[in-house]
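These notes are about the structure you will find just below.
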Amino acid sequence: MRIYLDHAATTPIDSEVWAGINQMALEVYGNPSSIHTEGRKARNLIEEARKIIAGHVKCSQGELFFTSCGTEANNMILTGAVRDLKVKRIFTSPVEHHCILHHIEYLKHQYDVEIIWLPLDVDGTVAPPALEEVLQRYPDRPALVSLMHVNNEIGSMHDLQVIGDICHRYNTLYHSDTVQSVGYHPLDMSTLPVDFISGSAHKFNGPKGVGFAVISNEFTIAPLLYGGAQERNMRAGTENTLGIHGMGIALHKAISSMDDRQQHMQSLRTYFAEAIRKIIPDAYFNGRNDTLQSSKILSANLPLTSKSSMLLMNLDIAGIAASGGSACSSGVESRSHVLAKLQVPDDFVTVRFSFSGNTTFEELDHVLSVIRQIYS
Ligand code: PLP
């Protein structure tokens with residue numbers, strides 16, 4: 001039996017999503033750009049998914065663009081903001097996902113954009129007064145703030161309303177990487193002061209290789225990919241029809257069960273954290289202690305011992321999948337950029353446990369017994 005506690009890296013595809021994709025796989029094969037019946041069937045499937053997803057994030061259908069993943073959506077938004085909206089300065093934090101950090105490094109070299117690093121609290125978030133102080137200090141516009149909603153490694157969150165209000169008060173565009181929060185937290189783009197967000201189906205039990213960007217219709221940007229008129233000229237390339245269809249089903253299911261899942265994951269997280277502390281009194285946790293902490297993620301710092309130095313591997317051998325940093329940096333020996341910024345001491349090893357609505361207390365009890373053995 002395997003126990004999967006790495007849902008922040010990716011989630012298993014939901015059986016209803018899989019069934020929905022399968023049902024259409026043989027039936028709907030036309031190119032969505034073709035005008036014949038087969039093509040129109042595929043187009044309908046895509047537009048149906050657009051309606052569902054736009055309905056759940058409360059944007060207009062014209063503001064939603066399908067992409068191949070969250071990384072592409074974030075790249076598209078950031079490049080568009082700089083190249084087309086003439087953003088000259090980007091304010092961001094050093095604990096964003098690499099798809100933000102590496103892309104803005106590229107923008108710095110390619111477009112001479114200035115990057116301003118926002119000061120980080122010990123909980124891994126930027127405090128609103130600190131953001132305000134920096135925006136006041138750098139008044140030149142156009143500028144953009146890029147601050148994620150839920151941090152993928154430690155689960156600390158920014159309040160989109162509060163951060164967005166400050167950005168707009170200082171006439172600054174606001175992009176939030178919401179890849180970890182779509183399907184887990186309500187996102188209402190019709191009222192939130194957020195101009196751009198991104199999503200990725202594989203984080204909410206949808207298929208891999210499909211995501212989306214929401215771009216407020218106040219702004220017009222050019223595409224990242226050229227060569228076709230798909231996505232209203234915003235993303236060339238034949239659409240991933242079945243993936244988009246699956247993403248629609250997955251998001252609908254995730255939103256329908258969101259409150260129950262949140263409550264369950266919150267109970268799991270509290271139970272697990274307390275139990276770890278009982279076994280290892282020196283253990284402590286990254287992230288926040290208030291409502292701005294994702295219940296999906298528990299990032300635990302555990303004292304380094306001869307047995308715990310290979311903790312992730314030992315957990316894996318015992319049938320438990322957890323993670324040390326972000327999935328993108330797994331396999332790399334060095335400590336993740338997020339944990340490095342949080343200054344986790346070298347004599348601690350960090351494990352990210354990330355839960356789902358289907359994780360059980362029995363599974364956690366088993367993980368605890370393995371941890372107990374490792375620390376005995
Ligand atoms: N942003 C965050 C916060 C993530 O956690 C991830 C994936 O780990 C991404 C972006 C990239 O998403 P994708 O894997 O769909 O490219």
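Residues are named by chain letter and number: chains run A, B, ... in the order of the structure tokens, numbers start at 1 in each chain, and ligands are numbered from 1 in the order shown.
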Near-ligand residues for ligand 1, threshold 9 Å, only C-alpha atoms and all ligand atoms, as a PDB file with C-alpha atoms, in the first residue's frame:
ATOM      1  CA  ALA A   8       1.127  20.089  -3.850  1.00  0.00           C
ATOM      2  CA  ALA A   9       3.442  18.551  -6.466  1.00  0.00           C
ATOM      3  CA  THR A  10       0.587  16.985  -8.365  1.00  0.00           C
ATOM      4  CA  SER A  68      -0.458  23.921 -21.668  1.00  0.00           C
ATOM      5  CA  CYS A  69       0.233  24.437 -17.934  1.00  0.00           C
ATOM      6  CA  GLY A  70       0.540  26.947 -15.124  1.00  0.00           C
ATOM      7  CA  THR A  71       4.096  27.766 -16.132  1.00  0.00           C
ATOM      8  CA  GLU A  72       2.997  28.834 -19.603  1.00  0.00           C
ATOM      9  CA  ALA A  73       0.145  30.924 -18.183  1.00  0.00           C
ATOM     10  CA  ASN A  74       2.506  32.787 -15.842  1.00  0.00           C
ATOM     11  CA  GLU A  96       7.780  32.656  -5.827  1.00  0.00           C
ATOM     12  CA  HIS A  97       7.739  29.533  -7.987  1.00  0.00           C
ATOM     13  CA  HIS A  98      10.665  29.187 -10.396  1.00  0.00           C
ATOM     14  CA  CYS A  99       8.358  29.799 -13.348  1.00  0.00           C
ATOM     15  CA  ILE A 100       8.060  33.372 -12.047  1.00  0.00           C
ATOM     16  CA  MET A 148       1.531  34.260  -5.345  1.00  0.00           C
ATOM     17  CA  HIS A 149      -1.638  33.272  -3.521  1.00  0.00           C
ATOM     18  CA  VAL A 150      -0.584  29.966  -1.862  1.00  0.00           C
ATOM     19  CA  ASN A 151       3.107  29.177  -1.607  1.00  0.00           C
ATOM     20  CA  ASN A 152       3.698  25.712  -3.047  1.00  0.00           C
ATOM     21  CA  GLU A 153       6.407  24.731  -0.581  1.00  0.00           C
ATOM     22  CA  ASP A 177       0.231  32.911  -9.361  1.00  0.00           C
ATOM     23  CA  THR A 178      -2.868  31.043  -8.134  1.00  0.00           C
ATOM     24  CA  VAL A 179      -1.770  27.601  -9.354  1.00  0.00           C
ATOM     25  CA  GLN A 180      -1.927  26.134  -5.821  1.00  0.00           C
ATOM     26  CA  SER A 181      -5.212  27.788  -4.890  1.00  0.00           C
ATOM     27  CA  SER A 198      -3.074  31.382 -13.531  1.00  0.00           C
ATOM     28  CA  GLY A 199      -4.294  27.811 -13.004  1.00  0.00           C
ATOM     29  CA  SER A 200      -3.148  24.263 -13.705  1.00  0.00           C
ATOM     30  CA  ALA A 201      -5.471  21.249 -13.944  1.00  0.00           C
ATOM     31  CA  HIS A 202      -3.075  18.703 -12.446  1.00  0.00           C
ATOM     32  CA  LYS A 203      -3.143  20.502  -9.098  1.00  0.00           C
ATOM     33  CA  LYS A 208      -1.541  17.044 -16.706  1.00  0.00           C
ATOM     34  CA  GLY A 209      -0.538  19.333 -19.559  1.00  0.00           C
ATOM     35  CA  VAL A 210      -3.384  21.833 -19.422  1.00  0.00           C
ATOM     36  CA  GLY A 211      -3.852  25.118 -17.597  1.00  0.00           C
ATOM     37  CA  SER A 326       9.166  21.868  -4.830  1.00  0.00           C
ATOM     38  CA  ALA A 327       8.739  19.042  -7.341  1.00  0.00           C
ATOM     39  CA  CYS A 328      10.633  21.079  -9.895  1.00  0.00           C
TER      40      CYS A 328
END
Report as CSV: every residue of stretch 190-279 of chain A with an atom at most 12 Å from stretch 291-307 of chain A, its closest pair of atoms, and their distance in Å to one decimal, counting only C-alpha atoms, with rows sorted by chain and ascending residue number.
residue,atom,partner,partner_atom,distance
A:Lys203,CA,A:Lys296,CA,11.3
A:Phe204,CA,A:Lys296,CA,11.5
A:Met258,CA,A:Lys296,CA,11.8
A:Asp259,CA,A:Ser295,CA,11.6
A:Asp260,CA,A:Ser295,CA,12.0
A:Arg261,CA,A:Lys296,CA,9.4
A:Gln262,CA,A:Ser295,CA,6.7
A:Gln263,CA,A:Ser295,CA,8.3
A:His264,CA,A:Ser295,CA,8.8
A:Met265,CA,A:Ser295,CA,5.5
A:Gln266,CA,A:Ser295,CA,4.8
A:Ser267,CA,A:Ser295,CA,8.4
A:Leu268,CA,A:Ser295,CA,8.3
A:Arg269,CA,A:Ser295,CA,6.3
A:Thr270,CA,A:Ser295,CA,8.7
A:Tyr271,CA,A:Leu298,CA,11.0
A:Phe272,CA,A:Leu298,CA,8.6
A:Ala273,CA,A:Leu298,CA,7.5
A:Glu274,CA,A:Ala300,CA,11.3
A:Ala275,CA,A:Ala300,CA,11.9
A:Ile276,CA,A:Ala300,CA,8.7
A:Arg277,CA,A:Leu302,CA,9.6
A:Ile279,CA,A:Leu302,CA,10.6
#### Entry: Which of stretch 204-358 of chain A DSSP labels alpha helix (DSSP H), written as a VMD selection string
chain A and resid 230 to 233 241 to 256 258 to 279 311 to 317 337 to 341
### Query
Which neighbours of A:Pro139 fall inside 10 Å, counting only C-alpha atoms, when residues of the same chain fewer than 3 positions from it are skipped, and could you give them as a PyMOL selection string?
chain A and resi 134-136+142-143+170-172
Can you write just those residues out, N, CA, C and O atoms, as a compact mmCIF listing (two decimals), in the first residue's frame?
# COMPACT_ATOMS: atom_id res chain seq x y z
N VAL A 134 7.21 50.02 0.00
CA VAL A 134 8.07 49.88 -1.19
C VAL A 134 7.40 50.55 -2.40
O VAL A 134 8.06 51.25 -3.18
N LEU A 135 6.10 50.36 -2.56
CA LEU A 135 5.42 50.97 -3.71
C LEU A 135 5.48 52.50 -3.65
O LEU A 135 5.59 53.17 -4.67
N GLN A 136 5.46 53.01 -2.42
CA GLN A 136 5.58 54.47 -2.24
C GLN A 136 6.97 54.94 -2.65
O GLN A 136 7.14 55.99 -3.25
N PRO A 142 4.51 52.44 -15.78
CA PRO A 142 3.79 51.26 -15.32
C PRO A 142 4.70 50.27 -14.58
O PRO A 142 5.87 50.11 -14.92
N ALA A 143 4.10 49.64 -13.57
CA ALA A 143 4.81 48.64 -12.78
C ALA A 143 3.84 47.51 -12.43
O ALA A 143 2.62 47.68 -12.54
N TYR A 170 -1.83 52.22 -5.52
CA TYR A 170 -0.57 52.79 -6.02
C TYR A 170 -0.43 52.59 -7.53
O TYR A 170 0.68 52.59 -8.07
N ASN A 171 -1.58 52.40 -8.17
CA ASN A 171 -1.60 52.38 -9.63
C ASN A 171 -0.65 51.33 -10.24
O ASN A 171 0.06 51.60 -11.21
N THR A 172 -0.63 50.17 -9.59
CA THR A 172 0.29 49.10 -10.00
C THR A 172 -0.53 47.88 -10.41
O THR A 172 -1.50 47.54 -9.74
### For stretch 75-82 of chain A: contacts at 8 Å, only C-alpha atoms, fewer than 6 positions along chain excluded, given as an MDAnalysis selection string
chainID A and resid 88 99:100 103:104 107 111 113 144 175 196 213 215 221:224
Taking only C-alpha atoms into account, produce a table as JSON lines in which each residue of stretch 224-247 of chain A with an atom at most 12 Å from an atom of stretch 20-30 of chain A appears once, together with its shortest atom pair and the distance in Å to one decimal, ordered by chain and rising number.
{"residue": "A:Thr238", "atom": "CA", "partner": "A:Gly30", "partner_atom": "CA", "distance": 10.5}
{"residue": "A:Glu239", "atom": "CA", "partner": "A:Gly30", "partner_atom": "CA", "distance": 10.8}
{"residue": "A:Asn240", "atom": "CA", "partner": "A:Tyr29", "partner_atom": "CA", "distance": 10.7}
{"residue": "A:Thr241", "atom": "CA", "partner": "A:Tyr29", "partner_atom": "CA", "distance": 8.5}
{"residue": "A:Leu242", "atom": "CA", "partner": "A:Ile21", "partner_atom": "CA", "distance": 5.8}
{"residue": "A:Gly243", "atom": "CA", "partner": "A:Ile21", "partner_atom": "CA", "distance": 7.5}
{"residue": "A:Ile244", "atom": "CA", "partner": "A:Ile21", "partner_atom": "CA", "distance": 9.4}
{"residue": "A:His245", "atom": "CA", "partner": "A:Ile21", "partner_atom": "CA", "distance": 6.9}
{"residue": "A:Gly246", "atom": "CA", "partner": "A:Ile21", "partner_atom": "CA", "distance": 5.7}
{"residue": "A:Met247", "atom": "CA", "partner": "A:Ile21", "partner_atom": "CA", "distance": 9.5}
### Message
Need to verify the contact set: stretch 118-124 of chain A, 6 Å, only C-alpha atoms, exclusion of same-chain residues closer than 5 positions in sequence. Can you return it as a list of chain:residue names?
### Response
A:Thr92, A:Ser93, A:Gly287, A:Arg288
### Query
Which parts of stretch 20-168 of chain A does DSSP call strand (DSSP E or B) when run on the backbone here, written out as a PyMOL selection string?
chain A and resi 64-67+89-92+114-117+143-146+150+156-157
### Counting only C-alpha atoms, the option among A:Leu342, A:Thr67, A:Ser354, A:Gln110 closest to A:Arg83
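Between A:Leu342, A:Thr67, A:Ser354, A:Gln110, the residue approaching A:Arg83 most closely is A:Gln110.
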### Task
Considering only C-alpha atoms, state which residue in the set A:Asn358, A:Ser60, A:Asn286, A:Ser156 is at the smallest distance from A:Ser257.
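Ranked by minimum distance to A:Ser257, first place goes to A:Asn358.
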